[in-house]
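Novice: Input file: my_file-v2.pdb. Contents: PDB, C-alpha atoms, pLDDT in the B column.
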```
ATOM      1  CA  VAL A  15     -23.290  54.678  -1.549  1.00 81.00           C
ATOM      2  CA  LYS A  16     -20.752  51.887  -1.273  1.00 89.00           C
ATOM      3  CA  VAL A  17     -19.412  50.615  -4.597  1.00 92.00           C
ATOM      4  CA  LYS A  18     -19.126  46.844  -5.056  1.00 94.00           C
ATOM      5  CA  VAL A  19     -15.621  45.554  -5.819  1.00 94.00           C
ATOM      6  CA  ALA A  20     -17.061  42.721  -7.941  1.00 95.00           C
ATOM      7  CA  GLU A  21     -18.613  45.330 -10.241  1.00 95.00           C
ATOM      8  CA  LEU A  22     -15.329  47.220 -10.440  1.00 95.00           C
ATOM      9  CA  ARG A  23     -13.406  44.089 -11.435  1.00 95.00           C
ATOM     10  CA  GLU A  24     -15.616  43.673 -14.515  1.00 95.00           C
ATOM     11  CA  LYS A  25     -14.782  47.175 -15.786  1.00 95.00           C
ATOM     12  CA  SER A  26     -11.924  48.015 -18.149  1.00 95.00           C
ATOM     13  CA  GLN A  27      -8.938  50.167 -17.237  1.00 95.00           C
ATOM     14  CA  ALA A  28     -10.408  53.223 -19.006  1.00 96.00           C
ATOM     15  CA  GLU A  29     -13.767  52.861 -17.251  1.00 96.00           C
ATOM     16  CA  LEU A  30     -11.997  52.520 -13.895  1.00 97.00           C
ATOM     17  CA  THR A  31      -9.980  55.720 -14.416  1.00 97.00           C
ATOM     18  CA  GLN A  32     -13.200  57.473 -15.430  1.00 97.00           C
ATOM     19  CA  THR A  33     -14.917  56.219 -12.259  1.00 96.00           C
ATOM     20  CA  LEU A  34     -11.921  57.333 -10.200  1.00 97.00           C
ATOM     21  CA  ASP A  35     -12.051  60.845 -11.680  1.00 98.00           C
ATOM     22  CA  GLN A  36     -15.784  61.006 -10.929  1.00 97.00           C
ATOM     23  CA  TYR A  37     -15.244  60.034  -7.285  1.00 97.00           C
ATOM     24  CA  LYS A  38     -12.418  62.547  -6.926  1.00 97.00           C
ATOM     25  CA  ARG A  39     -14.683  65.309  -8.271  1.00 97.00           C
ATOM     26  CA  ASP A  40     -17.410  64.211  -5.822  1.00 94.00           C
ATOM     27  CA  LEU A  41     -14.921  64.343  -2.958  1.00 94.00           C
ATOM     28  CA  LEU A  42     -13.805  67.826  -3.958  1.00 94.00           C
ATOM     29  CA  ASP A  43     -17.432  69.044  -4.076  1.00 91.00           C
ATOM     30  CA  LEU A  44     -18.173  67.522  -0.678  1.00 91.00           C
ATOM     31  CA  LYS A  45     -15.090  69.105   0.900  1.00 90.00           C
ATOM     32  CA  VAL A  46     -16.067  72.515  -0.512  1.00 88.00           C
ATOM     33  CA  GLN A  47     -19.550  72.057   0.971  1.00 87.00           C
ATOM     34  CA  GLN A  48     -18.022  71.044   4.303  1.00 86.00           C
ATOM     35  CA  VAL A  49     -15.892  74.197   4.413  1.00 85.00           C
ATOM     36  CA  ALA A  50     -18.969  76.250   3.526  1.00 83.00           C
ATOM     37  CA  GLY A  51     -20.643  74.815   6.646  1.00 79.00           C
ATOM     38  CA  ALA A  52     -22.968  72.101   5.351  1.00 70.00           C
ATOM     39  CA  ALA A  53     -24.794  69.537   7.507  1.00 71.00           C
ATOM     40  CA  ALA A  54     -22.980  66.791   9.411  1.00 68.00           C
ATOM     41  CA  ALA A  55     -24.467  64.165   7.080  1.00 66.00           C
ATOM     42  CA  LYS A  56     -21.965  65.265   4.440  1.00 78.00           C
ATOM     43  CA  SER A  57     -19.038  64.135   6.608  1.00 81.00           C
ATOM     44  CA  SER A  58     -20.232  60.525   6.463  1.00 86.00           C
ATOM     45  CA  LYS A  59     -20.606  60.885   2.701  1.00 91.00           C
ATOM     46  CA  ILE A  60     -16.996  62.131   2.477  1.00 92.00           C
ATOM     47  CA  ARG A  61     -15.875  58.952   4.236  1.00 93.00           C
ATOM     48  CA  ASP A  62     -17.848  56.766   1.792  1.00 95.00           C
ATOM     49  CA  VAL A  63     -16.385  58.562  -1.235  1.00 96.00           C
ATOM     50  CA  ARG A  64     -12.839  58.228   0.152  1.00 96.00           C
ATOM     51  CA  LYS A  65     -13.365  54.504   0.692  1.00 96.00           C
ATOM     52  CA  ASN A  66     -14.772  54.165  -2.850  1.00 97.00           C
ATOM     53  CA  ILE A  67     -11.672  55.892  -4.253  1.00 97.00           C
ATOM     54  CA  ALA A  68      -9.515  53.428  -2.318  1.00 97.00           C
ATOM     55  CA  ARG A  69     -11.495  50.481  -3.713  1.00 97.00           C
ATOM     56  CA  VAL A  70     -11.126  51.718  -7.303  1.00 97.00           C
ATOM     57  CA  LEU A  71      -7.381  52.298  -6.839  1.00 98.00           C
ATOM     58  CA  THR A  72      -7.003  48.817  -5.326  1.00 97.00           C
ATOM     59  CA  VAL A  73      -8.707  47.193  -8.326  1.00 97.00           C
ATOM     60  CA  ILE A  74      -6.585  49.241 -10.767  1.00 97.00           C
ATOM     61  CA  THR A  75      -3.386  48.234  -8.949  1.00 96.00           C
ATOM     62  CA  LYS A  76      -4.429  44.570  -8.875  1.00 96.00           C
ATOM     63  CA  GLN A  77      -5.154  44.589 -12.620  1.00 96.00           C
ATOM     64  CA  ASN A  78      -1.794  46.233 -13.379  1.00 95.00           C
ATOM     65  CA  ARG A  79       0.089  43.738 -11.205  1.00 94.00           C
ATOM     66  CA  ASP A  80      -1.720  40.797 -12.842  1.00 94.00           C
ATOM     67  CA  ALA A  81      -0.823  42.146 -16.290  1.00 94.00           C
ATOM     68  CA  VAL A  82       2.863  42.457 -15.358  1.00 95.00           C
ATOM     69  CA  ARG A  83       2.781  39.000 -13.740  1.00 93.00           C
ATOM     70  CA  ALA A  84       1.380  37.529 -16.965  1.00 95.00           C
ATOM     71  CA  LYS A  85       4.101  39.300 -18.960  1.00 95.00           C
ATOM     72  CA  TYR A  86       6.877  37.785 -16.827  1.00 95.00           C
ATOM     73  CA  ALA A  87       5.309  34.318 -16.532  1.00 92.00           C
ATOM     74  CA  GLY A  88       7.844  31.649 -17.464  1.00 91.00           C
ATOM     75  CA  LYS A  89      10.749  34.091 -17.571  1.00 93.00           C
ATOM     76  CA  LYS A  90      13.933  33.509 -15.577  1.00 93.00           C
ATOM     77  CA  HIS A  91      13.891  36.812 -13.677  1.00 93.00           C
ATOM     78  CA  ILE A  92      10.823  38.591 -12.314  1.00 92.00           C
ATOM     79  CA  PRO A  93      10.670  42.059 -10.727  1.00 93.00           C
ATOM     80  CA  ILE A  94      11.468  42.008  -7.007  1.00 91.00           C
ATOM     81  CA  ASP A  95       8.072  43.321  -5.929  1.00 90.00           C
ATOM     82  CA  LEU A  96       6.337  40.445  -7.757  1.00 90.00           C
ATOM     83  CA  ARG A  97       8.498  37.684  -6.288  1.00 89.00           C
ATOM     84  CA  VAL A  98       7.268  35.371  -3.547  1.00 88.00           C
ATOM     85  CA  LYS A  99       7.902  36.993  -0.166  1.00 92.00           C
ATOM     86  CA  LYS A 100       8.298  33.990   2.203  1.00 94.00           C
ATOM     87  CA  THR A 101      10.838  34.848   4.921  1.00 96.00           C
ATOM     88  CA  ARG A 102      14.303  36.346   4.726  1.00 95.00           C
ATOM     89  CA  ALA A 103      15.878  33.120   6.018  1.00 97.00           C
ATOM     90  CA  ILE A 104      14.084  30.987   3.432  1.00 95.00           C
ATOM     91  CA  ARG A 105      15.053  33.353   0.605  1.00 92.00           C
ATOM     92  CA  ARG A 106      18.710  33.137   1.606  1.00 95.00           C
ATOM     93  CA  ALA A 107      18.774  29.380   2.240  1.00 96.00           C
ATOM     94  CA  MET A 108      20.782  27.186  -0.121  1.00 96.00           C
ATOM     95  CA  THR A 109      18.979  25.530  -3.003  1.00 95.00           C
ATOM     96  CA  LYS A 110      18.795  21.731  -3.335  1.00 95.00           C
ATOM     97  CA  SER A 111      21.556  21.743  -5.962  1.00 96.00           C
ATOM     98  CA  GLU A 112      23.807  23.877  -3.741  1.00 96.00           C
ATOM     99  CA  VAL A 113      23.268  21.560  -0.777  1.00 96.00           C
ATOM    100  CA  SER A 114      24.045  18.430  -2.799  1.00 96.00           C
ATOM    101  CA  LYS A 115      27.348  19.774  -4.207  1.00 97.00           C
ATOM    102  CA  ILE A 116      30.516  18.213  -2.774  1.00 96.00           C
ATOM    103  CA  THR A 117      34.008  19.711  -2.795  1.00 97.00           C
ATOM    104  CA  LEU A 118      36.810  17.953  -4.652  1.00 97.00           C
ATOM    105  CA  ARG A 119      38.522  17.191  -1.339  1.00 98.00           C
ATOM    106  CA  GLN A 120      35.377  15.554   0.053  1.00 96.00           C
ATOM    107  CA  GLN A 121      34.915  13.550  -3.163  1.00 96.00           C
ATOM    108  CA  LYS A 122      38.424  12.127  -2.755  1.00 97.00           C
ATOM    109  CA  LYS A 123      37.769  11.282   0.902  1.00 97.00           C
ATOM    110  CA  ASN A 124      34.552   9.499  -0.060  1.00 95.00           C
ATOM    111  CA  ILE A 125      36.363   7.440  -2.709  1.00 95.00           C
ATOM    112  CA  HIS A 126      39.449   6.481  -0.680  1.00 97.00           C
ATOM    113  CA  PHE A 127      37.855   6.098   2.727  1.00 96.00           C
ATOM    114  CA  ALA A 128      34.445   4.747   1.930  1.00 93.00           C
ATOM    115  CA  ARG A 129      32.199   3.603   4.758  1.00 90.00           C
ATOM    116  CA  ARG A 130      32.975  -0.031   5.564  1.00 89.00           C
ATOM    117  CA  GLN A 131      30.209  -2.552   5.611  1.00 88.00           C
ATOM    118  CA  TYR A 132      30.541  -5.617   7.828  1.00 89.00           C
ATOM    119  CA  ALA A 133      28.512  -8.784   7.415  1.00 88.00           C
ATOM    120  CA  ILE A 134      27.190 -10.147  10.692  1.00 87.00           C
ATOM    121  CA  LYS A 135      27.159 -13.949  11.176  1.00 84.00           C
ATOM    122  CA  ALA A 136      23.798 -15.322  12.142  1.00 74.00           C
TER     123      ALA A 136
END
```
Represent the structure contained in this file as C-alpha cells.
Specialist:
Amino acid sequence: VKVKVAELREKSQAELTQTLDQYKRDLLDLKVQQVAGAAAAKSSKIRDVRKNIARVLTVITKQNRDAVRAKYAGKKHIPIDLRVKKTRAIRRAMTKSEVSKITLRQQKKNIHFARRQYAIKA
C-alpha cells in the first residue's frame, strides 16, 4: 500500500520516526518470510515497503533542512550544503562591487587623461 507524501508532510517529526520504525519492522518481517520461502506476491510488497521508507526519510530530511534554513535566514553565512548551487563559474565570478573597483593607477589616468569631447559644427 503506497503511502501518500501529502499525508506524511502533515505529520510531526515524532510521528514520522514512529512510521519509519513501523515500516522497517514490516520490511524485516517480509524479508524473513521471503527467506522462509513465501509466495512471490511478498516480493512486490517488499518493494512497496522499501519505497515507503524512502518517502518517509525524504520528508524527514526536507523538514530538517527547512528548519535549518529558517534558523540561518537573514544571517551572513549559511552552511555550504544549503547555499544556492548555480554553477562553479558563477560562484567564482566577481561581484558587482569587485567589478566596479578601480586601482589607484587607473583613477589617476582617468583624472589626468580624461576622454576628450569635441563639439561638431552643424
Novice: So the first atom is CA of Arg69 (chain A) and the second is CA of Ile94 (chain A); what is the distance between them in Å, to one decimal place?
Specialist: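 Those two atoms sit 24.7 Å apart.
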Novice: Name every residue that the PyMOL selection byres ((chain A and resi 83) around 12) selects in this structure, writing the answer as a list in words with chains first and numbers rising.
Specialist: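 So the PyMOL selection byres ((chain A and resi 83) around 12) ends up selecting Lys76, Gln77, Asn78, Arg79, Asp80, Ala81, Val82, Ala84, Lys85, Tyr86, Ala87, Gly88, Lys89, His91, Ile92, Pro93, Ile94, Asp95, Leu96, Arg97 and Val98 of chain A.
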Novice: As an MDAnalysis selection string, please: the residues near region 31-47 of chain A (cut-off 9 Å, only C-alpha atoms, same-chain neighbours under 3 positions excluded).
Specialist: chainID A and resid 26:28 50:53 56:57 59:60 63:64 66:67 70:71 74
Novice: Would you write out, as a VMD selection string, every residue that the PyMOL selection byres ((chain A and resi 16) around 7) captures in this file?
Specialist: chain A and resid 15 17 to 18 62 66
Novice: For the atom pair CA of Thr75 (chain A) and CA of Lys99 (chain A), what is the interatomic distance in Å to one decimal place?
Specialist: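 Straight-line distance from CA of Thr75 (chain A) to CA of Lys99 (chain A) works out to 18.2 Å.
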Novice: Work out how far apart CA of Glu21 (chain A) and CA of Thr72 (chain A) are and give it in Å to one decimal.
Specialist: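 So the two atoms, CA of Glu21 (chain A) and CA of Thr72 (chain A), lie 13.1 Å apart.
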Novice: Have region 17-34 of chain A completed to N, CA, C and O atoms, please, and pass it along as an mmCIF file, in the coordinates of the input.
Specialist:
```cif
data_model
loop_
_atom_site.group_PDB
_atom_site.id
_atom_site.type_symbol
_atom_site.label_atom_id
_atom_site.label_comp_id
_atom_site.auth_asym_id
_atom_site.auth_seq_id
_atom_site.Cartn_x
_atom_site.Cartn_y
_atom_site.Cartn_z
ATOM 1 N N VAL A 17 -19.569 51.262 -3.294
ATOM 2 C CA VAL A 17 -19.412 50.615 -4.597
ATOM 3 C C VAL A 17 -18.949 49.174 -4.377
ATOM 4 O O VAL A 17 -18.170 48.890 -3.459
ATOM 5 N N LYS A 18 -19.463 48.263 -5.191
ATOM 6 C CA LYS A 18 -19.126 46.844 -5.056
ATOM 7 C C LYS A 18 -17.842 46.552 -5.837
ATOM 8 O O LYS A 18 -17.705 46.939 -6.993
ATOM 9 N N VAL A 19 -16.904 45.871 -5.192
ATOM 10 C CA VAL A 19 -15.621 45.554 -5.819
ATOM 11 C C VAL A 19 -15.820 44.591 -6.984
ATOM 12 O O VAL A 19 -15.128 44.682 -8.004
ATOM 13 N N ALA A 20 -16.781 43.677 -6.860
ATOM 14 C CA ALA A 20 -17.061 42.721 -7.941
ATOM 15 C C ALA A 20 -17.451 43.452 -9.223
ATOM 16 O O ALA A 20 -17.055 43.052 -10.328
ATOM 17 N N GLU A 21 -18.215 44.535 -9.067
ATOM 18 C CA GLU A 21 -18.613 45.330 -10.241
ATOM 19 C C GLU A 21 -17.397 46.040 -10.836
ATOM 20 O O GLU A 21 -17.268 46.158 -12.054
ATOM 21 N N LEU A 22 -16.523 46.518 -9.959
ATOM 22 C CA LEU A 22 -15.329 47.220 -10.440
ATOM 23 C C LEU A 22 -14.411 46.288 -11.216
ATOM 24 O O LEU A 22 -13.779 46.693 -12.192
ATOM 25 N N ARG A 23 -14.309 45.051 -10.781
ATOM 26 C CA ARG A 23 -13.406 44.089 -11.435
ATOM 27 C C ARG A 23 -13.825 43.796 -12.874
ATOM 28 O O ARG A 23 -12.989 43.441 -13.705
ATOM 29 N N GLU A 24 -15.112 43.939 -13.155
ATOM 30 C CA GLU A 24 -15.616 43.673 -14.515
ATOM 31 C C GLU A 24 -15.306 44.820 -15.481
ATOM 32 O O GLU A 24 -15.317 44.624 -16.694
ATOM 33 N N LYS A 25 -15.015 46.005 -14.942
ATOM 34 C CA LYS A 25 -14.782 47.175 -15.786
ATOM 35 C C LYS A 25 -13.380 47.153 -16.399
ATOM 36 O O LYS A 25 -12.469 46.529 -15.866
ATOM 37 N N SER A 26 -13.237 47.890 -17.498
ATOM 38 C CA SER A 26 -11.924 48.015 -18.149
ATOM 39 C C SER A 26 -11.105 49.093 -17.452
ATOM 40 O O SER A 26 -11.618 49.823 -16.595
ATOM 41 N N GLN A 27 -9.845 49.186 -17.849
ATOM 42 C CA GLN A 27 -8.938 50.167 -17.237
ATOM 43 C C GLN A 27 -9.447 51.597 -17.461
ATOM 44 O O GLN A 27 -9.420 52.430 -16.558
ATOM 45 N N ALA A 28 -9.920 51.879 -18.679
ATOM 46 C CA ALA A 28 -10.408 53.223 -19.006
ATOM 47 C C ALA A 28 -11.637 53.575 -18.174
ATOM 48 O O ALA A 28 -11.758 54.703 -17.663
ATOM 49 N N GLU A 29 -12.556 52.615 -18.047
ATOM 50 C CA GLU A 29 -13.767 52.861 -17.251
ATOM 51 C C GLU A 29 -13.410 53.106 -15.784
ATOM 52 O O GLU A 29 -14.023 53.934 -15.115
ATOM 53 N N LEU A 30 -12.414 52.362 -15.293
ATOM 54 C CA LEU A 30 -11.997 52.520 -13.895
ATOM 55 C C LEU A 30 -11.413 53.908 -13.653
ATOM 56 O O LEU A 30 -11.717 54.546 -12.639
ATOM 57 N N THR A 31 -10.565 54.390 -14.582
ATOM 58 C CA THR A 31 -9.980 55.720 -14.416
ATOM 59 C C THR A 31 -11.071 56.793 -14.478
ATOM 60 O O THR A 31 -11.012 57.781 -13.755
ATOM 61 N N GLN A 32 -12.069 56.540 -15.326
ATOM 62 C CA GLN A 32 -13.200 57.473 -15.430
ATOM 63 C C GLN A 32 -13.974 57.505 -14.109
ATOM 64 O O GLN A 32 -14.319 58.574 -13.602
ATOM 65 N N THR A 33 -14.223 56.326 -13.541
ATOM 66 C CA THR A 33 -14.917 56.219 -12.259
ATOM 67 C C THR A 33 -14.115 56.915 -11.161
ATOM 68 O O THR A 33 -14.679 57.630 -10.325
ATOM 69 N N LEU A 34 -12.804 56.716 -11.187
ATOM 70 C CA LEU A 34 -11.921 57.333 -10.200
ATOM 71 C C LEU A 34 -12.000 58.860 -10.271
ATOM 72 O O LEU A 34 -12.122 59.538 -9.241
#
```
